[in-house]
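This report concerns only the one structure given below.
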Amino acid sequence: MENVAIFDSPGKGRGLKATKEFWAGDVLFSEPSLAAVVFDSLAERICHSCFRRQEKLQKCSQCKFAHYCDRTCQRAGWAEHKQECGAIKAYGKAPNENIRLVARLMWRLDKEGSVVSDMQLITVEELEDHVADMQEDEIKELKVDIHNFLDYWPRNSKQHTIDDISHIFGVINCNGFTVSDQRGLQAVGVGLFPNLCLVNHNCWPNCTVILNHGNQSAVNTMFHSQRRIELRSLGKIAEGEELTVAYVDFLNLSEERRRLLKTQYFFDCQCDYCKNGTKDDLKLAGREVDGVKPSEQQVKEATDYCFQKLETMDKARLDGDYHQVVKICRDVIDRTEPVLADTHIYLLRMWSTLSEVQAYLQYFNDAAEYSRKMVEGYMKLYHPNNAALGMAAMRAGVNHWQAGLIEVRTWDGV
Ligand SMILES: [Zn+2]
Ligand SMILES: [Zn+2]
Ligand SMILES: [Zn+2]
């Protein structure tokens, strides 16, 4: 690890800093997961080895729980599934994703020792668990998980103390990293990447995390089953500068970001964007037309209406009732678009969802229009190199192309 070093970050504890200068897009390090699992809800739809979404997956004939693209994936995933497979059979069912991840981690550490490669900067034992900071209901959940873990953990595997087990549950609770599918569009599982755990949060970070070189379809053979992340620089980073990533989306109000960070990661964000509430005004702003602004009351009413409908929209989307989603979004947009600015975060969520669903339903003109509005709003809020912005711009481009709004030029003519 010649590019980065552990250091004491003032007010944050341990952190990582750059040991030389970097430019936008540079890879600071790349790291395979120590362990990773597919979410419970997607266990039959995502390959347990390469984490790709596939129409047809093959079941492990032993446990009937693990699913794979093909023999190649199954073979590649066998080392991490072998003990799990036996344990699931003996237990009679698969335990939840937390328990599966903790068990996979423990089997690996028991077998290979606490440092599995010379690139690893920190051991799992040394990572923060924040068990002492947990609320009462979280402690309750932790106890249930530990109880079930003990039932699931085979007697012939190495036995651990309750403290050690609870430490690992705590570690994955605050350090587990969400892994997405091959297109980067859907969260499909969770894994542990020890070096990445050392990178502290900033709401306006200088780095971003890319999965599998941003292109899982190119990942094959050697790295087929390895979920790798890359830490990439978003802009110029000076030698000695602390490296940061955003643990929560910047498209939340600063108060909401701080709440999320406190409950999930147990710290108070001290970044300038939170302290000054930077861009909070834009995120709830009214639309100015020809120098005329809507009244505060109008903006508030439209904001409340939008917020209240987000929940029903999310529910319809989860139920897969896409025509209902379109209906809700259209109604909200018709009513609030004249009043709310294009940087209003609730309106942005409506545009984003509507463009996604319309693209799915193949109404590409609509999808193109709303994704264009979304990107224009995002550009006023996000860091120019933000990954979510890049993804949104790509989606908008695809929608415009599908809608026939982009002329494809060939090289021989003009
Ligand atoms: Zn696969
Ligand atoms: Zn199996
Ligand atoms: Zn902050």
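Every chain in the structure tokens has a letter given in the order shown (A, B, ...), and although residue numbers restart at 1 in each chain, ligands are simply numbered from 1 in the order shown.
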
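Each residue with an atom within 6 Å of any atom of ligand 3 appears in the list, which was built counting only C-alpha atoms and all ligand atoms: Asn202, Cys203, Cys269, Gln270, Cys271, Tyr273 and Cys274 of chain A.
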
DSSP strand (DSSP E) selection over stretch 21-60 of chain A, as a ChimeraX atom specification: /A:27-32,35-38,58-59

With N, CA and C atoms retained, export the selected residues as a PDB file, in the first residue's frame.
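Once everything was written out, this is again_7.pdb:
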```pdb
ATOM      1  N   VAL A  27      -6.718   5.684  -9.084  1.00  0.00           N
ATOM      2  CA  VAL A  27      -7.077   4.625  -8.143  1.00  0.00           C
ATOM      3  C   VAL A  27      -6.097   4.664  -6.965  1.00  0.00           C
ATOM      4  N   LEU A  28      -6.624   4.895  -5.751  1.00  0.00           N
ATOM      5  CA  LEU A  28      -5.740   4.939  -4.577  1.00  0.00           C
ATOM      6  C   LEU A  28      -5.424   3.539  -4.087  1.00  0.00           C
ATOM      7  N   PHE A  29      -6.467   2.689  -4.045  1.00  0.00           N
ATOM      8  CA  PHE A  29      -6.218   1.269  -3.824  1.00  0.00           C
ATOM      9  C   PHE A  29      -7.411   0.462  -4.299  1.00  0.00           C
ATOM     10  N   SER A  30      -7.168  -0.827  -4.467  1.00  0.00           N
ATOM     11  CA  SER A  30      -8.228  -1.735  -4.845  1.00  0.00           C
ATOM     12  C   SER A  30      -8.180  -2.869  -3.829  1.00  0.00           C
ATOM     13  N   GLU A  31      -9.329  -3.390  -3.489  1.00  0.00           N
ATOM     14  CA  GLU A  31      -9.372  -4.353  -2.379  1.00  0.00           C
ATOM     15  C   GLU A  31     -10.489  -5.375  -2.588  1.00  0.00           C
ATOM     16  N   PRO A  32     -10.195  -6.674  -2.475  1.00  0.00           N
ATOM     17  CA  PRO A  32     -11.268  -7.667  -2.541  1.00  0.00           C
ATOM     18  C   PRO A  32     -11.996  -7.739  -1.196  1.00  0.00           C
ATOM     19  N   ALA A  35     -15.224 -10.952   3.060  1.00  0.00           N
ATOM     20  CA  ALA A  35     -16.385 -11.832   2.936  1.00  0.00           C
ATOM     21  C   ALA A  35     -17.547 -10.982   2.455  1.00  0.00           C
ATOM     22  N   ALA A  36     -18.505 -11.625   1.787  1.00  0.00           N
ATOM     23  CA  ALA A  36     -19.696 -10.903   1.324  1.00  0.00           C
ATOM     24  C   ALA A  36     -20.836 -11.893   1.186  1.00  0.00           C
ATOM     25  N   VAL A  37     -22.060 -11.403   1.339  1.00  0.00           N
ATOM     26  CA  VAL A  37     -23.240 -12.264   1.151  1.00  0.00           C
ATOM     27  C   VAL A  37     -24.304 -11.523   0.350  1.00  0.00           C
ATOM     28  N   VAL A  38     -25.157 -12.292  -0.321  1.00  0.00           N
ATOM     29  CA  VAL A  38     -26.312 -11.742  -1.033  1.00  0.00           C
ATOM     30  C   VAL A  38     -27.415 -11.479   0.004  1.00  0.00           C
ATOM     31  N   GLN A  58     -28.805 -21.658 -10.997  1.00  0.00           N
ATOM     32  CA  GLN A  58     -28.842 -23.045 -10.552  1.00  0.00           C
ATOM     33  C   GLN A  58     -28.645 -23.130  -9.049  1.00  0.00           C
ATOM     34  N   LYS A  59     -29.437 -23.994  -8.435  1.00  0.00           N
ATOM     35  CA  LYS A  59     -29.402 -24.169  -6.988  1.00  0.00           C
ATOM     36  C   LYS A  59     -28.264 -25.095  -6.576  1.00  0.00           C
TER      37      LYS A  59
END
```

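Taking atom CA of A:Gln74 as the reference point, atom CA of A:Ser49 is found at 6.7 Å.
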
Could you check the closest approach to ligand 1 for each of A:Asp342, A:Glu356, A:Asp70, A:Asp151 and tell me which residue wins, using only C-alpha atoms and all ligand atoms?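 Closest to ligand 1, using only C-alpha atoms and all ligand atoms: A:Asp70.
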
Could you please determine the separation between atom CA of A:Ser180 and atom CA of A:Ala79 in Å, to one decimal place?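 Distance between the two atoms: 21.9 Å.
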
Can I get the residues close to ligand 2 as a VMD selection string, where close means within 9 Å and we count only C-alpha atoms and all ligand atoms? chain A and resid 59 to 67 78 81 to 86 88 to 89

Site check for ligand 1: residues at most 7 Å away, only C-alpha atoms and all ligand atoms, as a PyMOL selection string: chain A and resi 47-52+68-70+73

Just the selected residues (C-alpha atoms), exported as a PDB file, in the first residue's frame, please.
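What ended up in result34.pdb:
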```
ATOM      1  CA  CYS A  47     -25.539 -15.367  -8.078  1.00  0.00           C
ATOM      2  CA  HIS A  48     -23.910 -16.037  -4.699  1.00  0.00           C
ATOM      3  CA  SER A  49     -20.499 -16.082  -6.310  1.00  0.00           C
ATOM      4  CA  CYS A  50     -20.266 -13.205  -8.807  1.00  0.00           C
ATOM      5  CA  PHE A  51     -23.279 -11.204  -7.507  1.00  0.00           C
ATOM      6  CA  ARG A  52     -24.797 -10.825 -10.960  1.00  0.00           C
ATOM      7  CA  TYR A  68     -25.181 -19.693  -9.105  1.00  0.00           C
ATOM      8  CA  CYS A  69     -24.986 -18.671 -12.766  1.00  0.00           C
ATOM      9  CA  ASP A  70     -23.269 -21.897 -13.718  1.00  0.00           C
ATOM     10  CA  CYS A  73     -19.426 -19.615 -10.506  1.00  0.00           C
TER      11      CYS A  73
END
```
